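Enquirer: My structure file entry-v6.cif, mmCIF, C-alpha atoms, is below:
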data_start
loop_
_atom_site.group_PDB
_atom_site.id
_atom_site.type_symbol
_atom_site.label_atom_id
_atom_site.label_comp_id
_atom_site.auth_asym_id
_atom_site.auth_seq_id
_atom_site.Cartn_x
_atom_site.Cartn_y
_atom_site.Cartn_z
ATOM 1 C CA MET A 1 0.000 0.000 0.000
ATOM 2 C CA ILE A 2 1.205 3.519 -0.706
ATOM 3 C CA ASP A 3 1.543 6.217 1.938
ATOM 4 C CA THR A 4 -0.825 8.937 0.722
ATOM 5 C CA SER A 5 0.149 11.173 3.651
ATOM 6 C CA ALA A 6 3.558 11.529 1.959
ATOM 7 C CA LEU A 7 1.813 13.337 -0.892
ATOM 8 C CA ASP A 8 0.264 15.850 1.473
ATOM 9 C CA GLU A 9 3.509 16.741 3.282
ATOM 10 C CA LYS A 10 4.883 18.841 0.366
ATOM 11 C CA PRO A 11 8.568 18.152 1.045
ATOM 12 C CA VAL A 12 11.742 20.031 0.212
ATOM 13 C CA LEU A 13 14.014 17.615 -1.669
ATOM 14 C CA PRO A 14 17.654 18.766 -1.854
ATOM 15 C CA GLY A 15 19.938 17.551 -4.614
ATOM 16 C CA ALA A 16 23.541 18.236 -5.582
ATOM 17 C CA ARG A 17 22.773 21.313 -7.744
ATOM 18 C CA ILE A 18 19.053 21.899 -7.296
ATOM 19 C CA ARG A 19 16.328 21.602 -4.723
ATOM 20 C CA LEU A 20 12.670 20.797 -5.173
ATOM 21 C CA VAL A 21 10.385 22.984 -3.072
ATOM 22 C CA PRO A 22 6.609 23.384 -2.883
ATOM 23 C CA LEU A 23 5.339 25.585 -5.700
ATOM 24 C CA GLU A 24 4.374 28.962 -4.185
ATOM 25 C CA PRO A 25 3.173 32.419 -5.265
ATOM 26 C CA ARG A 26 6.799 33.663 -5.345
ATOM 27 C CA HIS A 27 7.335 31.404 -8.390
ATOM 28 C CA ALA A 28 4.379 32.796 -10.370
ATOM 29 C CA VAL A 29 6.117 35.514 -12.407
ATOM 30 C CA ASP A 30 8.930 33.229 -13.606
ATOM 31 C CA TYR A 31 6.513 30.345 -14.156
ATOM 32 C CA HIS A 32 4.246 32.535 -16.292
ATOM 33 C CA ALA A 33 7.225 33.752 -18.344
ATOM 34 C CA ALA A 34 8.112 30.103 -19.059
ATOM 35 C CA THR A 35 4.605 29.405 -20.370
ATOM 36 C CA LEU A 36 5.068 32.179 -22.947
ATOM 37 C CA ASP A 37 8.237 30.674 -24.442
ATOM 38 C CA PRO A 38 7.362 29.165 -27.875
ATOM 39 C CA GLU A 39 9.808 26.265 -27.501
ATOM 40 C CA ILE A 40 8.532 25.360 -24.033
ATOM 41 C CA ARG A 41 4.980 25.462 -25.364
ATOM 42 C CA ARG A 42 5.961 23.108 -28.212
ATOM 43 C CA LEU A 43 7.775 20.671 -25.901
ATOM 44 C CA THR A 44 4.854 20.600 -23.454
ATOM 45 C CA GLY A 45 2.183 20.640 -26.166
ATOM 46 C CA SER A 46 0.451 23.542 -24.444
ATOM 47 C CA HIS A 47 -2.142 25.245 -26.640
ATOM 48 C CA HIS A 48 -3.576 27.235 -23.731
ATOM 49 C CA ASP A 49 -2.479 30.861 -23.286
ATOM 50 C CA PHE A 50 -2.125 31.086 -19.519
ATOM 51 C CA THR A 51 -2.765 34.481 -17.968
ATOM 52 C CA PRO A 52 -0.659 35.792 -15.099
ATOM 53 C CA GLN A 53 -3.769 35.502 -12.919
ATOM 54 C CA GLU A 54 -4.211 31.791 -13.757
ATOM 55 C CA ILE A 55 -0.589 31.040 -12.877
ATOM 56 C CA GLU A 56 -0.765 33.133 -9.690
ATOM 57 C CA ALA A 57 -3.946 31.334 -8.627
ATOM 58 C CA TRP A 58 -2.401 27.910 -9.247
ATOM 59 C CA CYS A 59 0.822 28.772 -7.405
ATOM 60 C CA ALA A 60 -1.263 30.021 -4.462
ATOM 61 C CA VAL A 61 -3.168 26.741 -4.032
ATOM 62 C CA SER A 62 -0.903 24.024 -5.434
ATOM 63 C CA ALA A 63 0.755 23.338 -2.075
ATOM 64 C CA THR A 64 -2.670 22.636 -0.550
ATOM 65 C CA GLN A 65 -3.818 20.131 -3.167
ATOM 66 C CA PRO A 66 -4.276 16.699 -1.588
ATOM 67 C CA GLY A 67 -2.998 13.535 -3.204
ATOM 68 C CA ARG A 68 -0.430 15.133 -5.518
ATOM 69 C CA LEU A 69 2.901 16.953 -5.456
ATOM 70 C CA ASP A 70 3.632 20.147 -7.372
ATOM 71 C CA LEU A 71 7.193 21.260 -6.808
ATOM 72 C CA ALA A 72 9.313 24.112 -8.132
ATOM 73 C CA ILE A 73 12.826 23.319 -9.307
ATOM 74 C CA GLU A 74 15.254 25.881 -7.884
ATOM 75 C CA ASP A 75 18.982 26.395 -8.254
ATOM 76 C CA ARG A 76 20.416 25.227 -4.946
ATOM 77 C CA GLU A 77 22.740 28.228 -4.535
ATOM 78 C CA SER A 78 20.821 31.169 -6.018
ATOM 79 C CA GLY A 79 17.224 29.994 -5.505
ATOM 80 C CA ARG A 80 16.494 30.861 -9.165
ATOM 81 C CA PHE A 81 13.347 29.231 -10.590
ATOM 82 C CA LEU A 82 14.377 26.571 -13.135
ATOM 83 C CA GLY A 83 10.994 24.948 -13.746
ATOM 84 C CA ASP A 84 8.493 22.708 -12.047
ATOM 85 C CA LEU A 85 7.419 19.118 -11.892
ATOM 86 C CA SER A 86 4.366 17.275 -10.667
ATOM 87 C CA LEU A 87 3.450 13.852 -9.420
ATOM 88 C CA LYS A 88 -0.252 13.668 -10.208
ATOM 89 C CA ASP A 89 -3.105 11.333 -11.140
ATOM 90 C CA VAL A 90 -2.140 9.119 -8.213
ATOM 91 C CA ASP A 91 -3.920 5.759 -8.176
ATOM 92 C CA PRO A 92 -3.478 4.460 -4.599
ATOM 93 C CA HIS A 93 -5.054 1.081 -5.354
ATOM 94 C CA ASN A 94 -2.594 0.301 -8.149
ATOM 95 C CA ALA A 95 0.320 2.278 -6.658
ATOM 96 C CA HIS A 96 1.051 4.398 -9.699
ATOM 97 C CA ALA A 97 1.097 8.064 -10.724
ATOM 98 C CA THR A 98 1.953 10.379 -13.594
ATOM 99 C CA LEU A 99 4.983 12.658 -13.741
ATOM 100 C CA ARG A 100 5.100 15.985 -15.617
ATOM 101 C CA ILE A 101 8.062 18.377 -15.905
ATOM 102 C CA LEU A 102 8.768 21.818 -17.366
ATOM 103 C CA LEU A 103 12.210 23.419 -17.551
ATOM 104 C CA VAL A 104 12.771 27.115 -18.289
ATOM 105 C CA ALA A 105 14.967 28.239 -21.169
ATOM 106 C CA GLY A 106 18.597 27.993 -20.073
ATOM 107 C CA ALA A 107 17.995 25.091 -17.689
ATOM 108 C CA THR A 108 18.189 22.413 -20.390
ATOM 109 C CA ASP A 109 21.222 20.416 -21.536
ATOM 110 C CA ARG A 110 22.831 20.656 -18.091
ATOM 111 C CA GLY A 111 21.416 17.541 -16.420
ATOM 112 C CA LEU A 112 19.180 19.582 -14.115
ATOM 113 C CA GLY A 113 15.976 17.943 -15.363
ATOM 114 C CA THR A 114 17.515 14.512 -14.864
ATOM 115 C CA GLU A 115 18.494 15.441 -11.312
ATOM 116 C CA ALA A 116 14.990 16.783 -10.602
ATOM 117 C CA ILE A 117 13.317 13.654 -11.947
ATOM 118 C CA ARG A 118 15.627 11.388 -9.957
ATOM 119 C CA LEU A 119 14.878 13.324 -6.762
ATOM 120 C CA LEU A 120 11.140 13.046 -7.360
ATOM 121 C CA LEU A 121 11.362 9.346 -8.251
ATOM 122 C CA ASP A 122 13.393 8.639 -5.098
ATOM 123 C CA HIS A 123 10.610 10.286 -3.079
ATOM 124 C CA ALA A 124 7.845 8.569 -5.065
ATOM 125 C CA PHE A 125 9.336 5.093 -4.694
ATOM 126 C CA ASP A 126 10.958 5.312 -1.236
ATOM 127 C CA ARG A 127 8.601 7.589 0.718
ATOM 128 C CA VAL A 128 5.243 7.374 -1.095
ATOM 129 C CA ARG A 129 5.960 3.719 -1.958
ATOM 130 C CA LEU A 130 4.586 3.898 -5.474
ATOM 131 C CA HIS A 131 5.259 0.910 -7.700
ATOM 132 C CA ARG A 132 5.087 2.693 -11.080
ATOM 133 C CA VAL A 133 5.483 6.240 -12.379
ATOM 134 C CA ARG A 134 4.488 7.039 -15.967
ATOM 135 C CA LEU A 135 4.901 10.003 -18.267
ATOM 136 C CA GLU A 136 4.247 11.046 -21.828
ATOM 137 C CA VAL A 137 6.790 12.611 -24.192
ATOM 138 C CA PHE A 138 6.372 13.734 -27.777
ATOM 139 C CA ALA A 139 8.222 11.515 -30.243
ATOM 140 C CA PHE A 140 10.104 14.550 -31.633
ATOM 141 C CA ASN A 141 11.638 15.305 -28.203
ATOM 142 C CA ASP A 142 14.659 12.988 -28.314
ATOM 143 C CA ARG A 143 16.551 15.000 -25.677
ATOM 144 C CA ALA A 144 13.800 14.473 -23.089
ATOM 145 C CA ARG A 145 13.340 10.812 -24.011
ATOM 146 C CA ARG A 146 17.050 10.153 -23.458
ATOM 147 C CA ALA A 147 16.936 11.973 -20.098
ATOM 148 C CA TYR A 148 13.946 9.891 -19.018
ATOM 149 C CA GLU A 149 15.768 6.705 -20.019
ATOM 150 C CA ARG A 150 18.765 7.758 -17.871
ATOM 151 C CA CYS A 151 16.311 8.023 -14.961
ATOM 152 C CA GLY A 152 15.036 4.476 -15.498
ATOM 153 C CA PHE A 153 12.025 5.058 -17.760
ATOM 154 C CA THR A 154 11.258 2.604 -20.555
ATOM 155 C CA VAL A 155 9.073 3.229 -23.598
ATOM 156 C CA GLU A 156 5.917 1.156 -23.164
ATOM 157 C CA GLY A 157 3.868 2.347 -26.082
ATOM 158 C CA ARG A 158 3.009 4.938 -28.661
ATOM 159 C CA MET A 159 -0.134 6.986 -29.087
ATOM 160 C CA ARG A 160 -0.173 7.669 -32.795
ATOM 161 C CA GLN A 161 -0.879 11.199 -33.973
ATOM 162 C CA ALA A 162 -2.041 12.340 -30.539
ATOM 163 C CA LEU A 163 -0.670 15.896 -30.773
ATOM 164 C CA ARG A 164 -1.495 18.434 -33.465
ATOM 165 C CA TRP A 165 1.164 21.145 -33.573
ATOM 166 C CA ASP A 166 1.825 23.710 -36.287
ATOM 167 C CA GLY A 167 -0.442 21.873 -38.719
ATOM 168 C CA ALA A 168 1.239 18.478 -38.303
ATOM 169 C CA TRP A 169 0.375 15.351 -36.306
ATOM 170 C CA HIS A 170 2.895 13.955 -33.826
ATOM 171 C CA ASP A 171 3.078 10.706 -31.892
ATOM 172 C CA VAL A 172 3.252 10.589 -28.099
ATOM 173 C CA LEU A 173 5.444 8.007 -26.373
ATOM 174 C CA VAL A 174 4.258 6.508 -23.092
ATOM 175 C CA MET A 175 7.116 5.709 -20.705
ATOM 176 C CA ALA A 176 7.226 4.298 -17.191
ATOM 177 C CA ALA A 177 9.705 3.578 -14.407
ATOM 178 C CA LEU A 178 9.146 0.768 -11.915
ATOM 179 C CA ARG A 179 10.354 0.691 -8.321
ATOM 180 C CA THR A 180 11.438 -2.936 -8.791
ATOM 181 C CA GLU A 181 13.775 -1.892 -11.626
ATOM 182 C CA ARG A 182 15.490 1.005 -9.789
ATOM 183 C CA THR A 183 19.260 0.938 -9.798
ATOM 184 C CA ASP A 184 21.760 3.120 -7.968
ATOM 185 C CA GLY A 185 22.563 4.747 -11.334
ATOM 186 C CA ALA A 186 18.976 5.978 -11.575
ATOM 187 C CA ARG A 187 19.007 7.551 -8.107
ATOM 188 C CA ALA A 188 19.675 11.231 -7.436
ATOM 189 C CA PRO A 189 23.123 12.329 -6.241
ATOM 190 C CA ARG A 190 23.004 14.244 -2.974
#
Rewrite the structure of this file - the entire thing - as structure tokens.
Expert:
Amino acid sequence: MIDTSALDEKPVLPGARIRLVPLEPRHAVDYHAATLDPEIRRLTGSHHDFTPQEIEAWCAVSATQPGRLDLAIEDRESGRFLGDLSLKDVDPHNAHATLRILLVAGATDRGLGTEAIRLLLDHAFDRVRLHRVRLEVFAFNDRARRAYERCGFTVEGRMRQALRWDGAWHDVLVMAALRTERTDGARAPR
């Protein structure tokens, strides 16, 4: 059985270069700026134009949402907002959940997303006691797919032509990591 109380605690998870902290109103301005970036929108498949008020409202209540984790990714030294990630759609009966991540421009290609995912997976598997964590990635996003594989995710399937972007159809890959397949290489450095 999973420990659902671990989802309600909203932890701070320190890593070697980053820390994961509960998403708060202080992150709203930087978070909103990230949602305006055309490349971030493409990589997340976001067609919605978020307003500053929508982002502010979400940041104000995300730490109080039961049964899920919404964490900001911050630079460990400067506290700069680098993105966010969520553990959501938790199914306590089947011990699985969905992971989602967003990195701001300038935070990619440095291993920061990999570190953030490993920190969250360590918490999901060790503290929450989930058995399986899944995610979706667009087939054109090879960089993210490779990062997910380094964290222990395996491609399980393909949803054909599930995203329409700039007039073209794109496949979505479904990936998952299992607690029983975790190795020390897939764990976060501290």
Enquirer: So how many Å separate atom CA of Gly79 of chain A and atom CA of His47 of chain A, to one decimal?
Expert: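 So the two atoms, atom CA of Gly79 of chain A and atom CA of His47 of chain A, lie 29.1 Å apart.
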Enquirer: Can you tell me which residues surround segment 1-9 of chain A at a distance of at most 7 Å, considering only C-alpha atoms, apart from same-chain residues fewer than 3 positions away, and format the answer as a list in words?
Expert: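 Within the cut-off, the hits are Pro66, Gly67, Arg68, Leu69, Pro92, Ala95, Arg127, Val128, Arg129 and Leu130 of chain A.
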Enquirer: Residues as selected, C-alpha atoms, written as a PDB file, keeping the file's coordinate frame, can you do that?
Expert:
ATOM      1  CA  PRO A  66      -4.276  16.699  -1.588  1.00  0.00           C
ATOM      2  CA  GLY A  67      -2.998  13.535  -3.204  1.00  0.00           C
ATOM      3  CA  ARG A  68      -0.430  15.133  -5.518  1.00  0.00           C
ATOM      4  CA  LEU A  69       2.901  16.953  -5.456  1.00  0.00           C
ATOM      5  CA  PRO A  92      -3.478   4.460  -4.599  1.00  0.00           C
ATOM      6  CA  ALA A  95       0.320   2.278  -6.658  1.00  0.00           C
ATOM      7  CA  ARG A 127       8.601   7.589   0.718  1.00  0.00           C
ATOM      8  CA  VAL A 128       5.243   7.374  -1.095  1.00  0.00           C
ATOM      9  CA  ARG A 129       5.960   3.719  -1.958  1.00  0.00           C
ATOM     10  CA  LEU A 130       4.586   3.898  -5.474  1.00  0.00           C
TER      11      LEU A 130
END
Enquirer: Compile the contact shell of Arg187 of chain A as a list in words: residues with an atom at most 12 Å away, counting only C-alpha atoms, same-chain residues fewer than 4 positions apart removed.
Expert: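 Once the adjacent positions are removed, what remains is Gly15, Ala16, Thr114, Glu115, Ala116, Ile117, Arg118, Leu119, Leu120, Leu121, Asp122, His123, Ala124, Phe125, Asp126, Arg150, Cys151, Gly152, Ala177, Arg179, Glu181, Arg182 and Thr183 of chain A.
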Enquirer: Leaving out Gly83 of chain A and any residue of its chain fewer than 3 positions from it, which residues lie within 12 Å of it when counting all atoms listed in the file, given as a ChimeraX atom specification?
Expert: /A:18-23,27-35,40,70-75,79-80,86,100-108,112-113,116-117
Enquirer: Select, from A:Gly45, A:Pro25, A:Pro11, A:Gly167, the residue with the minimum atom-to-atom distance to Ala139 of chain A, counting all atoms listed in the file.
Expert: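 Distance minimum relative to Ala139 of chain A lands on A:Gly45.
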Enquirer: For Val137 of chain A, list every protein, DNA or RNA residue within 10 Å, evaluated using all atoms listed in the file, and leave out those in the same chain fewer than 4 positions away; present the list as a list in words.
Expert: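 Counting only the stated atoms, we get Leu43, Thr44, Gly45, Arg100, Asn141, Asp142, Ala144, Arg145, Tyr148, Val155, Arg158, Asp171, Val172, Leu173, Val174 and Met175 of chain A.
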Enquirer: Give me, please, the distance in Å between atom CA of Arg146 of chain A and atom CA of Ala186 of chain A, quoted to one decimal.
Expert: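 Calculated distance between atom CA of Arg146 of chain A and atom CA of Ala186 of chain A is 12.7 Å.
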Enquirer: Measure the distance from atom CA of Val133 of chain A to atom CA of Val12 of chain A in Å and round it to one decimal.
Expert: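 About the pair atom CA of Val133 of chain A and atom CA of Val12 of chain A: they are 19.7 Å apart.
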Enquirer: Quick one: of A:Ala147, A:Leu36, A:Ala63, A:Ala168, who's nearest to Asp109 of chain A, counting all atoms listed in the file?
Expert: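 Of A:Ala147, A:Leu36, A:Ala63, A:Ala168, the one nearest Asp109 of chain A, counting all atoms listed in the file, is A:Ala147.
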Enquirer: How would you write, as a list in words, the residues chosen by the PyMOL selection byres ((chain A and resi 97) around 8) on this structure?
Expert: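 Answer for the PyMOL selection byres ((chain A and resi 97) around 8): Leu87, Lys88, Asp89, Val90, Asp91, Ala95, His96, Thr98, Leu99, Leu130, Arg132, Val133 and Arg134 of chain A.
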Enquirer: Pick the closest to Asn94 of chain A from A:Lys10, A:Gln161, A:Arg26, A:His131: which is it, counting only C-alpha atoms?
Expert: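 Of all the options, A:His131 lies closest to Asn94 of chain A.
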